[in-house]
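Asks: Have a look at the structure that comes next, please.
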There are 2 protein chains.
Amino acid sequence: MWGGIEAGGTKFVCAVGTGPDDLLEEVRFPTTTPAETIARAVAFFRRHHQAKPLTGVGIGSFGPLDPDPNSPTFGTITTTPKPGWAHTDLAGAVRRALGVRVRFDTDVNAAALGERRWGAAQGLDTFVYLTVGTGIGGGGMANGGLLHGLIHPEMGHIMIPHDWERDPFPGCCPYHGDCWEGLASGSALEARWGKPGDHLPVDHPAWPLEAEYLALGLVNIICVLSPQRVILGGGVMAQTALLPLVRRRVQALLDDYLQAPAIQRQIETYIVPPALGDRAGVLGAIALAQQ
Amino acid sequence: MWGGIEAGGTKFVCAVGTGPDDLLEEVRFPTTTPAETIARAVAFFRRHHQAKPLTGVGIGSFGPLDPDPNSPTFGTITTTPKPGWAHTDLAGAVRRALGVRVRFDTDVNAAALGERRWGAAQGLDTFVYLTVGTGIGGGGMANGGLLHGLIHPEMGHIMIPHDWERDPFPGCCPYHGDCWEGLASGSALEARWGKPGDHLPVDHPAWPLEAEYLALGLVNIICVLSPQRVILGGGVMAQTALLPLVRRRVQALLDDYLQAPAIQRQIETYIVPPALGDRAGVLGAIALAQQ
C-alpha cells in the first residue's frame, strides 16, 4: 500500500492504494493553516497505516519547493506567497509523523508521472504536463526523468507577447504582472472579465483571447523542450470549447516551421487533456511514492 | 582518432582528434552547395582516414534536422530555408563516403556536449547552450541526455514581449516575424540599425535593447527547463559589454521569484560564455562521435 498527497494551494487530496484501479480511499479537504492541514493528512494516513502498513508516501505539492533529496531544505515549500506556508517542511512533517519514506516533488511533476504510468504519456520520455487553474503550473519529463535541474520548472512565469490594445488588462501576477500566469490563469480570467471562467458563456470574447495566450505559452514550451506530447489540464480547461481553439492557434503560430506530423496533422493527439482527469495529481503522488 | 564536423549555415569546421588538447588538424571553409561542401569535408577526413583510421565521425549541424537514429530520414537536414540544403542527407553522405559510423545532432546540442565534456558544463545534467549569431539556436541536456523529444529544440523561435513603441522594428524571421530570433539575432541587429553588431559602438542604444530581448528569452528558457547553467555564445556576444547587461536584466525580470542563489547572487557563474569559445561546435562534434 502507498499513500499519495496532492497538496494544492486550495485543497489537499489524499489517497491510499496502488493505482487508478485500486484506490482504497480518497479524501479531499481545504488547505487551511499548515499545522491543521498536515494534521488532517497525517490522521488519514495513520488510520490506514495502522490497519495495513504503508510502504511510502508521495507528495505532489504547490511551490516553489525544494525537491532535491540532497539539500538541507529538501521537502519544504520555500517562498510561496501563500500566507503561512512559506518554509513549511511538508515532507519532513509527514515522514516524522508516519515513520515512512516520503517522496516529494511539484504537483505538476507528480501529475506528469501519474500520466506517464497510467495516462496520456505512457511510453513517452519527453513530455509536458500543464495545469491552468488559479495559477499556471508546468512539469514533465525529459529523457525519462522528471524535470528538475536548478530547482524545478516554473512554466507559469514565462513572458509572452501582450497586445495592450487588444487586452488592456495589466496582468495579475504579483511578481511579474503580465507573465503567462498573470495573463492566462483562472485568476486572470476572473480579474479581467469580472467573473470566473465557468460563468463566461462559450461565445464570450474571453475564450479566443485565452486560447491565444495559452497557445503563445505552449509554443514557447514546445520550442524549448520539444515535448512528444503536451497534457493540458486544470479548471480553466473545463470549458471544453477552449482546447480546440488552443490547438488551432498553436498550429497557426508555429506556421509549419516545425515539420512534425504530430503538430501539423495530428494535433488532437499532441495537445490532450489528462487521461486521469482531476485524479492525475493524487495518482501521480502515489506513482511518486512507488519510484 | 575521431572526426568532427560543425556544419554551419555560413561555414563548415572539420577537425580530427580526440579532444581540445589533441586536435591533429582543423579546417574551415564556407558553406556553398551541399555537393561541393560535403565533398570538401569528405576529402579532408579521407586523407586522415587513410593515414590513421577514424573510428567515427560526429556532425553538429544547422537545422531543422532529423536526429532520430530510428527514423528513415535520420541524418538529413530537413526543412531549412537555406537554398539547396533542404532534405540533404548529410550524415548518410559522410557515412557512405568514409565507411565509418556517423553521429548526427544539432550544432547546439553538439556544442552543449562539448561544453559538458571539456568546458563550462562539466558535472551538470541539465543545462542550456545558446548561440546568438545570424540566428538564435539552443540545445542542451536534461537529466544527463541531450534534448530531443519530438524532434529537437528550436529555442530561437519562442515568442517574447515586443514593445512596438520602444522598438518599431517588425522582426526578421521569415516564419514568425518578431519571434526571439526575429528580434534579437545578429540579422535582426543589422536589419534594425543598418549595420552589423560589430560596427555598433558600445554605448549604442542597440545594446540595452538587445540585452532586454536576450534576457526575456533566457527567462523563458529558465522557467521551462530550470537549467543549472546557461552557456551563451555566438557572434553577437563578441560585444563583451552585452553579457553583464543580460545578466542584470534576467535578475530584474525574474524579480527574486526563483529563490536560487545561483541566479540571485552568483549570476556571473550562472550565465557564462562557452569555455571552449568558437571551438565548442567542432569539439562537441568530436564528443558526439565518441558517444
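Simple scheme: letters A, B, ... for chains in C-alpha cells order, numbers from 1 for residues in each chain, numbers from 1 for ligands in the order shown.
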Hey, what's within 8 Å of Gln290 in chain A if we count only C-alpha atoms and toss same-chain stuff fewer than 6 positions away? As an mmCIF file with N, CA, C and O atoms, in the first residue's frame, please?
Replies:
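Just written: result-v9.cif:
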```cif
data_model
loop_
_atom_site.group_PDB
_atom_site.id
_atom_site.type_symbol
_atom_site.label_atom_id
_atom_site.label_comp_id
_atom_site.auth_asym_id
_atom_site.auth_seq_id
_atom_site.Cartn_x
_atom_site.Cartn_y
_atom_site.Cartn_z
ATOM 1 N N TRP A 2 0.381 2.253 -0.720
ATOM 2 C CA TRP A 2 1.125 3.504 -0.829
ATOM 3 C C TRP A 2 0.181 4.667 -0.537
ATOM 4 O O TRP A 2 -1.021 4.569 -0.762
ATOM 5 N N GLY A 56 5.311 3.711 1.667
ATOM 6 C CA GLY A 56 5.834 5.065 1.481
ATOM 7 C C GLY A 56 4.718 6.006 1.082
ATOM 8 O O GLY A 56 3.619 5.570 0.729
ATOM 9 N N GLY A 58 3.969 9.587 -1.277
ATOM 10 C CA GLY A 58 4.432 10.574 -2.260
ATOM 11 C C GLY A 58 3.626 11.848 -2.099
ATOM 12 O O GLY A 58 2.427 11.795 -1.841
#
```
Asks: For a quick test of understanding: name the residues of chain B lying within 9 Å of chain A when counting only C-alpha atoms, and present them as a PyMOL selection string.
Replies: chain B and resi 64+78-79+124-127+138-139+141-163+175-176+216-217+219-229+253-260+262
Asks: Any chance you can output those residues with C-alpha atoms as a short mmCIF file (atom, residue, chain, number, x, y, z; two decimals), in the first residue's frame?
Replies:
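The new file part_7.cif reads:
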```cif
data_model
loop_
_atom_site.label_atom_id
_atom_site.label_comp_id
_atom_site.auth_asym_id
_atom_site.auth_seq_id
_atom_site.Cartn_x
_atom_site.Cartn_y
_atom_site.Cartn_z
CA PRO B 64 15.97 21.77 -38.62
CA THR B 78 15.02 18.69 -43.33
CA THR B 79 13.17 21.94 -43.99
CA LEU B 124 25.93 19.21 -14.85
CA ASP B 125 22.99 17.13 -16.02
CA THR B 126 20.54 19.88 -17.01
CA PHE B 127 21.81 22.96 -18.82
CA GLY B 138 19.57 26.50 -28.37
CA GLY B 139 20.35 22.97 -27.27
CA MET B 141 20.84 18.45 -21.77
CA ALA B 142 18.17 17.39 -19.31
CA ASN B 143 18.72 14.55 -16.88
CA GLY B 144 22.09 13.89 -18.48
CA GLY B 145 20.77 13.32 -22.02
CA LEU B 146 20.77 15.66 -24.99
CA LEU B 147 17.45 17.45 -25.59
CA HIS B 148 15.48 15.70 -28.31
CA GLY B 149 11.88 14.78 -27.59
CA LEU B 150 9.62 15.25 -30.59
CA ILE B 151 12.44 16.47 -32.86
CA HIS B 152 14.88 18.85 -31.20
CA PRO B 153 14.52 22.24 -29.53
CA GLU B 154 14.06 25.32 -31.69
CA MET B 155 14.66 27.83 -28.95
CA GLY B 156 15.23 30.72 -31.33
CA HIS B 157 11.57 30.69 -32.29
CA ILE B 158 9.95 31.32 -28.92
CA MET B 159 7.67 34.38 -28.74
CA ILE B 160 8.69 37.17 -26.38
CA PRO B 161 7.11 40.53 -25.49
CA HIS B 162 7.79 43.15 -28.15
CA ASP B 163 7.26 46.77 -27.13
CA TYR B 175 8.27 32.37 -40.37
CA HIS B 176 7.31 34.29 -37.25
CA LEU B 216 13.36 37.81 -21.98
CA GLY B 217 14.23 34.69 -23.94
CA VAL B 219 13.87 33.93 -18.55
CA ASN B 220 11.52 31.76 -20.59
CA ILE B 221 14.10 29.03 -21.02
CA ILE B 222 14.97 29.17 -17.32
CA CYS B 223 11.28 28.90 -16.34
CA VAL B 224 10.62 25.98 -18.70
CA LEU B 225 13.75 23.89 -18.23
CA SER B 226 15.26 25.05 -14.91
CA PRO B 227 18.82 24.70 -16.23
CA GLN B 228 21.69 24.51 -13.75
CA ARG B 229 23.65 26.82 -16.05
CA LEU B 253 12.80 40.21 -14.87
CA LEU B 254 12.71 37.19 -12.55
CA ASP B 255 12.39 39.61 -9.62
CA ASP B 256 13.54 37.11 -6.99
CA TYR B 257 10.64 34.79 -7.79
CA LEU B 258 13.08 31.91 -8.19
CA GLN B 259 14.85 31.70 -4.84
CA ALA B 260 18.03 30.32 -6.33
CA ALA B 262 22.84 30.72 -8.48
#
```
Asks: What is the distance, in Å and to one decimal place, between CA of Gly277 in chain B and CA of Gly234 in chain B?
Replies: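 Separation of CA of Gly277 in chain B and CA of Gly234 in chain B: 8.8 Å.
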Asks: Quick one: pull the distance between CA of Gly235 in chain B and CA of Gly60 in chain B, Å, one decimal.
Replies: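 So the answer is 17.5 Å.
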Asks: List every residue of range 10-254 of chain A that DSSP, applied to the backbone of this structure, places in strand (DSSP E), and write the result as a PyMOL selection string.
Replies: chain A and resi 11-19+22-30+56-61+76-77+88-89+101-106+127-132+136-142+145-146+230-233
Asks: Which one is closest to Asp68 in chain A: A:Phe12, A:Trp180, A:Phe104, A:Tyr129? Count only C-alpha atoms.
Replies: A:Phe104
Asks: Would you compute the distance between CA of Tyr270 in chain B and CA of Val230 in chain B? Give it in Å to one decimal.
Replies: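 So the answer is 6.1 Å.
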Asks: With only C-alpha atoms as the counted atoms, please give the residues lying no more than 7 Å from Pro67 in chain B, apart from itself and same-chain residues fewer than 5 positions off, as a ChimeraX atom specification.
Replies: /B:74-75,104-105
Asks: Take the residues just selected and output them with C-alpha atoms as a compact mmCIF listing (two decimals), in the first residue's frame.
Replies:
```txt
# COMPACT_ATOMS: atom_id res chain seq x y z
CA PHE B 74 17.86 10.18 -39.86
CA GLY B 75 20.86 12.27 -40.69
CA PHE B 104 24.31 13.41 -36.04
CA ASP B 105 22.69 16.14 -33.97
```
Asks: Do a neighbour search on Pro196 in chain B at 12 Å with only C-alpha atoms, toss out local chain neighbours closer than 2 positions, and write the hits as a VMD selection string.
Replies: chain B and resid 133 to 134 185 to 194 198 to 201 206 235 to 236 238 to 239
